[in-house]
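The block underneath contains the structure these notes are about, expressed in structure tokens.
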Amino acid sequence: MTEPMEIYPMAMFPTLSVADIDASVVWYSEKVGFATVFSLPGPDGETVMAHLRWRKHADLLLAPEAGPTQAGRAKGAGVALSFLADAMPIDDLAAELAGRGVEIAEGPVSRPWNVRDFVVLDPDWYRLVFFAPVDTSRDFEDVMGDALQG
């Protein structure tokens with residue numbers, strides 16, 4: 001028997017408006033490894049909200065599109081969600097997701113601000129950035145000083 005998901009208050013979480021909520025739930029769970037905490041059916045049986053979790057305190061909600069979108073612009077354009085990926089090396093996580101059929105849009109790449117990351121696009125073009133610190137012994141001021149110097 002599977003243990004129930006822990007429910008806790010969240011100080012902040014994103015809600016993404018998606019074109020096909022059921023297809024998005026499948027993509028997030030099967031391709032990227034999110035777990036479904038809760039899925040709410042509407043009166044007609046269609047899913048009206050899905051609560052997903054990458055890990056504790058890294059939750060998001062999916063909801064069906066509401067209202068018009070800007071003509072000619074992908075829904076998720078300009079929106080990026082960043083996830084700390086410290087359960088395995090970042091390059092291994094990128095390879096694992098690619099092996100599940102996730103297209104890696106960028107990276108893995110090391111950034112001047114002391115992280116290594118890679119980017120994937122969800123079905124609605126929201127950018128998911130998976131990152132890990134490169135050198136955890138460095139303090140913030142040193143990292144930012146180096147980043148500013150180029």
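Identifiers for the structure tokens are assigned positionally: chains receive A, B, ... in sequence, residues are indexed from 1 per chain, and ligands are indexed from 1 in the order shown.
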
Q: Identify, on the basis of only C-alpha atoms, every residue whose closest approach to Thr15 in chain A does not exceed 7 Å; exclude the query and any residue fewer than 2 positions from it along the same chain; express the result as number ranges by chain.
A: A: 13, 17, 60-63

**Q.** Backbone-only DSSP, helix (DSSP H, G or I) members of range 79-132 of chain A, as a PyMOL selection string
**A.** chain A and resi 90-99

Could I get the residues of range 1-108 of chain A with an atom no further than 9 Å from an atom of range 129-147 of chain A, each paired with its nearest atom pair and that distance in Å to one decimal, using only C-alpha atoms, sorted by chain and residue number, as a Markdown table?
```
| residue | atom | partner | partner_atom | distance |
| --- | --- | --- | --- | --- |
| A:Ala80 | CA | A:Val129 | CA | 6.8 |
| A:Leu81 | CA | A:Val129 | CA | 6.0 |
| A:Ser82 | CA | A:Val129 | CA | 4.5 |
| A:Phe83 | CA | A:Phe130 | CA | 4.9 |
| A:Leu84 | CA | A:Phe131 | CA | 5.2 |
| A:Ala85 | CA | A:Phe131 | CA | 5.5 |
| A:Asp86 | CA | A:Ala132 | CA | 6.0 |
| A:Pro89 | CA | A:Ala132 | CA | 7.8 |
| A:Ile90 | CA | A:Ala132 | CA | 6.4 |
| A:Leu93 | CA | A:Phe130 | CA | 8.6 |
| A:Ala94 | CA | A:Phe130 | CA | 8.5 |
| A:Pro108 | CA | A:Phe131 | CA | 8.9 |
```

With all heavy atoms retained, could you export that selection as a PDB file, in the first residue's frame?
```
ATOM      1  N   ALA A  80       9.514  30.800 -16.018  1.00  0.00           N
ATOM      2  CA  ALA A  80      10.451  29.724 -15.674  1.00  0.00           C
ATOM      3  C   ALA A  80      10.262  29.342 -14.214  1.00  0.00           C
ATOM      4  O   ALA A  80      10.088  30.207 -13.357  1.00  0.00           O
ATOM      5  CB  ALA A  80      11.885  30.173 -15.916  1.00  0.00           C
ATOM      6  N   LEU A  81      10.264  28.059 -13.954  1.00  0.00           N
ATOM      7  CA  LEU A  81      10.185  27.529 -12.596  1.00  0.00           C
ATOM      8  C   LEU A  81      11.470  26.769 -12.334  1.00  0.00           C
ATOM      9  O   LEU A  81      11.868  25.923 -13.137  1.00  0.00           O
ATOM     10  CB  LEU A  81       8.987  26.577 -12.469  1.00  0.00           C
ATOM     11  CG  LEU A  81       7.639  27.158 -12.865  1.00  0.00           C
ATOM     12  CD1 LEU A  81       6.592  26.067 -12.937  1.00  0.00           C
ATOM     13  CD2 LEU A  81       7.224  28.225 -11.879  1.00  0.00           C
ATOM     14  N   SER A  82      12.134  27.070 -11.232  1.00  0.00           N
ATOM     15  CA  SER A  82      13.423  26.454 -10.933  1.00  0.00           C
ATOM     16  C   SER A  82      13.276  25.449  -9.794  1.00  0.00           C
ATOM     17  O   SER A  82      12.615  25.731  -8.799  1.00  0.00           O
ATOM     18  CB  SER A  82      14.446  27.522 -10.561  1.00  0.00           C
ATOM     19  OG  SER A  82      14.654  28.391 -11.652  1.00  0.00           O
ATOM     20  N   PHE A  83      13.921  24.295  -9.974  1.00  0.00           N
ATOM     21  CA  PHE A  83      13.834  23.201  -9.011  1.00  0.00           C
ATOM     22  C   PHE A  83      15.229  22.756  -8.617  1.00  0.00           C
ATOM     23  O   PHE A  83      16.032  22.403  -9.481  1.00  0.00           O
ATOM     24  CB  PHE A  83      13.087  22.002  -9.629  1.00  0.00           C
ATOM     25  CG  PHE A  83      11.658  22.299  -9.965  1.00  0.00           C
ATOM     26  CD1 PHE A  83      11.333  22.788 -11.215  1.00  0.00           C
ATOM     27  CD2 PHE A  83      10.654  22.087  -9.040  1.00  0.00           C
ATOM     28  CE1 PHE A  83      10.012  23.068 -11.544  1.00  0.00           C
ATOM     29  CE2 PHE A  83       9.334  22.364  -9.359  1.00  0.00           C
ATOM     30  CZ  PHE A  83       9.013  22.852 -10.611  1.00  0.00           C
ATOM     31  N   LEU A  84      15.515  22.757  -7.320  1.00  0.00           N
ATOM     32  CA  LEU A  84      16.786  22.241  -6.820  1.00  0.00           C
ATOM     33  C   LEU A  84      16.814  20.736  -7.038  1.00  0.00           C
ATOM     34  O   LEU A  84      15.908  20.023  -6.622  1.00  0.00           O
ATOM     35  CB  LEU A  84      16.941  22.553  -5.325  1.00  0.00           C
ATOM     36  CG  LEU A  84      18.171  21.957  -4.643  1.00  0.00           C
ATOM     37  CD1 LEU A  84      19.452  22.524  -5.250  1.00  0.00           C
ATOM     38  CD2 LEU A  84      18.103  22.219  -3.150  1.00  0.00           C
ATOM     39  N   ALA A  85      17.836  20.271  -7.700  1.00  0.00           N
ATOM     40  CA  ALA A  85      17.972  18.854  -8.023  1.00  0.00           C
ATOM     41  C   ALA A  85      19.227  18.326  -7.341  1.00  0.00           C
ATOM     42  O   ALA A  85      20.285  18.250  -7.953  1.00  0.00           O
ATOM     43  CB  ALA A  85      18.039  18.660  -9.535  1.00  0.00           C
ATOM     44  N   ASP A  86      19.100  17.978  -6.061  1.00  0.00           N
ATOM     45  CA  ASP A  86      20.274  17.518  -5.337  1.00  0.00           C
ATOM     46  C   ASP A  86      20.215  16.040  -4.961  1.00  0.00           C
ATOM     47  O   ASP A  86      21.059  15.547  -4.238  1.00  0.00           O
ATOM     48  CB  ASP A  86      20.519  18.372  -4.094  1.00  0.00           C
ATOM     49  CG  ASP A  86      19.366  18.355  -3.113  1.00  0.00           C
ATOM     50  OD1 ASP A  86      18.321  17.741  -3.409  1.00  0.00           O
ATOM     51  OD2 ASP A  86      19.506  18.962  -2.038  1.00  0.00           O
ATOM     52  N   PRO A  89      23.420  13.717  -9.358  1.00  0.00           N
ATOM     53  CA  PRO A  89      24.142  14.718 -10.144  1.00  0.00           C
ATOM     54  C   PRO A  89      23.272  15.260 -11.283  1.00  0.00           C
ATOM     55  O   PRO A  89      22.510  14.516 -11.910  1.00  0.00           O
ATOM     56  CB  PRO A  89      25.351  13.949 -10.676  1.00  0.00           C
ATOM     57  CG  PRO A  89      25.551  12.842  -9.683  1.00  0.00           C
ATOM     58  CD  PRO A  89      24.159  12.463  -9.241  1.00  0.00           C
ATOM     59  N   ILE A  90      23.399  16.554 -11.531  1.00  0.00           N
ATOM     60  CA  ILE A  90      22.538  17.228 -12.499  1.00  0.00           C
ATOM     61  C   ILE A  90      22.648  16.622 -13.893  1.00  0.00           C
ATOM     62  O   ILE A  90      21.646  16.480 -14.592  1.00  0.00           O
ATOM     63  CB  ILE A  90      22.818  18.754 -12.495  1.00  0.00           C
ATOM     64  CG1 ILE A  90      21.654  19.529 -13.123  1.00  0.00           C
ATOM     65  CG2 ILE A  90      24.112  19.092 -13.187  1.00  0.00           C
ATOM     66  CD1 ILE A  90      20.458  19.638 -12.249  1.00  0.00           C
ATOM     67  N   LEU A  93      20.563  13.489 -13.929  1.00  0.00           N
ATOM     68  CA  LEU A  93      19.136  13.776 -13.994  1.00  0.00           C
ATOM     69  C   LEU A  93      18.734  14.162 -15.414  1.00  0.00           C
ATOM     70  O   LEU A  93      17.709  13.702 -15.926  1.00  0.00           O
ATOM     71  CB  LEU A  93      18.752  14.879 -13.013  1.00  0.00           C
ATOM     72  CG  LEU A  93      17.288  15.297 -13.012  1.00  0.00           C
ATOM     73  CD1 LEU A  93      16.364  14.116 -12.678  1.00  0.00           C
ATOM     74  CD2 LEU A  93      17.055  16.453 -12.050  1.00  0.00           C
ATOM     75  N   ALA A  94      19.538  14.990 -16.066  1.00  0.00           N
ATOM     76  CA  ALA A  94      19.243  15.375 -17.458  1.00  0.00           C
ATOM     77  C   ALA A  94      19.209  14.139 -18.349  1.00  0.00           C
ATOM     78  O   ALA A  94      18.299  13.989 -19.176  1.00  0.00           O
ATOM     79  CB  ALA A  94      20.284  16.374 -17.965  1.00  0.00           C
ATOM     80  N   PRO A 108      22.910  20.339 -20.017  1.00  0.00           N
ATOM     81  CA  PRO A 108      23.384  20.983 -18.797  1.00  0.00           C
ATOM     82  C   PRO A 108      24.566  21.915 -19.067  1.00  0.00           C
ATOM     83  O   PRO A 108      25.408  21.649 -19.909  1.00  0.00           O
ATOM     84  CB  PRO A 108      23.832  19.824 -17.905  1.00  0.00           C
ATOM     85  CG  PRO A 108      23.178  18.611 -18.474  1.00  0.00           C
ATOM     86  CD  PRO A 108      23.011  18.882 -19.931  1.00  0.00           C
TER      87      PRO A 108
END
```

Q: Please identify all polymer residues within 10 Å of range 37-47 of chain A, counting only C-alpha atoms, omitting same-chain residues fewer than 6 positions from it, and present them as JSON, numbers by chain.
A: {"A": [4, 5, 6, 7, 20, 21, 22, 25, 53, 59, 60, 61, 62, 63, 64]}

Export, as a PDB file, in the first residue's frame, the selected residues with N, CA and C atoms.
```
ATOM      1  N   PRO A   4       0.066   7.858   2.078  1.00  0.00           N
ATOM      2  CA  PRO A   4      -0.549   9.096   1.573  1.00  0.00           C
ATOM      3  C   PRO A   4       0.475  10.227   1.553  1.00  0.00           C
ATOM      4  N   MET A   5       0.276  11.171   0.634  1.00  0.00           N
ATOM      5  CA  MET A   5       1.154  12.331   0.527  1.00  0.00           C
ATOM      6  C   MET A   5       0.981  13.209   1.758  1.00  0.00           C
ATOM      7  N   GLU A   6       2.078  13.749   2.241  1.00  0.00           N
ATOM      8  CA  GLU A   6       2.028  14.679   3.357  1.00  0.00           C
ATOM      9  C   GLU A   6       1.392  15.985   2.880  1.00  0.00           C
ATOM     10  N   ILE A   7       0.483  16.506   3.667  1.00  0.00           N
ATOM     11  CA  ILE A   7      -0.146  17.790   3.367  1.00  0.00           C
ATOM     12  C   ILE A   7       0.386  18.796   4.380  1.00  0.00           C
ATOM     13  N   ASP A  20      -4.297  21.181 -21.854  1.00  0.00           N
ATOM     14  CA  ASP A  20      -4.865  19.841 -21.641  1.00  0.00           C
ATOM     15  C   ASP A  20      -4.342  19.328 -20.305  1.00  0.00           C
ATOM     16  N   ILE A  21      -5.127  19.510 -19.258  1.00  0.00           N
ATOM     17  CA  ILE A  21      -4.666  19.209 -17.909  1.00  0.00           C
ATOM     18  C   ILE A  21      -4.295  17.736 -17.744  1.00  0.00           C
ATOM     19  N   ASP A  22      -5.081  16.839 -18.303  1.00  0.00           N
ATOM     20  CA  ASP A  22      -4.780  15.409 -18.154  1.00  0.00           C
ATOM     21  C   ASP A  22      -3.473  15.043 -18.856  1.00  0.00           C
ATOM     22  N   VAL A  25      -0.608  16.380 -16.719  1.00  0.00           N
ATOM     23  CA  VAL A  25      -0.369  15.537 -15.541  1.00  0.00           C
ATOM     24  C   VAL A  25       0.457  14.315 -15.948  1.00  0.00           C
ATOM     25  N   ARG A  53       3.746  17.331  -7.074  1.00  0.00           N
ATOM     26  CA  ARG A  53       4.890  17.585  -6.200  1.00  0.00           C
ATOM     27  C   ARG A  53       6.159  16.990  -6.801  1.00  0.00           C
ATOM     28  N   ASP A  59       5.939  22.210  -4.909  1.00  0.00           N
ATOM     29  CA  ASP A  59       4.645  21.818  -5.444  1.00  0.00           C
ATOM     30  C   ASP A  59       4.189  22.812  -6.501  1.00  0.00           C
ATOM     31  N   LEU A  60       3.309  22.355  -7.369  1.00  0.00           N
ATOM     32  CA  LEU A  60       2.645  23.252  -8.293  1.00  0.00           C
ATOM     33  C   LEU A  60       1.242  22.739  -8.561  1.00  0.00           C
ATOM     34  N   LEU A  61       0.396  23.658  -8.982  1.00  0.00           N
ATOM     35  CA  LEU A  61      -0.971  23.311  -9.358  1.00  0.00           C
ATOM     36  C   LEU A  61      -1.121  23.490 -10.858  1.00  0.00           C
ATOM     37  N   LEU A  62      -1.867  22.594 -11.468  1.00  0.00           N
ATOM     38  CA  LEU A  62      -2.231  22.734 -12.871  1.00  0.00           C
ATOM     39  C   LEU A  62      -3.724  22.997 -12.925  1.00  0.00           C
ATOM     40  N   ALA A  63      -4.122  23.926 -13.772  1.00  0.00           N
ATOM     41  CA  ALA A  63      -5.539  24.248 -13.954  1.00  0.00           C
ATOM     42  C   ALA A  63      -5.803  24.438 -15.439  1.00  0.00           C
ATOM     43  N   PRO A  64      -7.023  24.150 -15.883  1.00  0.00           N
ATOM     44  CA  PRO A  64      -7.339  24.360 -17.304  1.00  0.00           C
ATOM     45  C   PRO A  64      -7.229  25.837 -17.665  1.00  0.00           C
TER      46      PRO A  64
END
```

Q: Find the residue from A:Ala77, A:Lys31, A:Pro14, A:Glu106 that sits nearest to His51 in chain A; use only C-alpha atoms when measuring.
A: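 The closest residue to His51 in chain A is A:Pro14.
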
Q: Can you pull out every residue within 7 Å of range 97-105 of chain A, counting only C-alpha atoms, but drop anything in the same chain fewer than 5 positions away, and send it as an MDAnalysis selection string?
A: chainID A and resid 31:32 119:121

Q. In Å to one decimal, how far is CA of Arg127 in chain A from CA of Trp113 in chain A?
A. 18.9 Å

Q) Between A:Val79, A:Leu148, A:Met88, A:Leu52, which has the minimum distance to Arg111 in chain A (counting only C-alpha atoms)? A) A:Leu148

**Q.** Backbone-only DSSP, strand (DSSP E) members of chain A, as an MDAnalysis selection string
**A.** chainID A and resid 15:18 35:41 47:55 58:64 80:84 104:111 115:121 127:133

Q: Skip Phe34 in chain A itself and residues of its chain fewer than 5 positions away, then list as a VMD selection string all residues within 6 Å of it, counting only C-alpha atoms.
A: chain A and resid 28 to 29 53 to 54
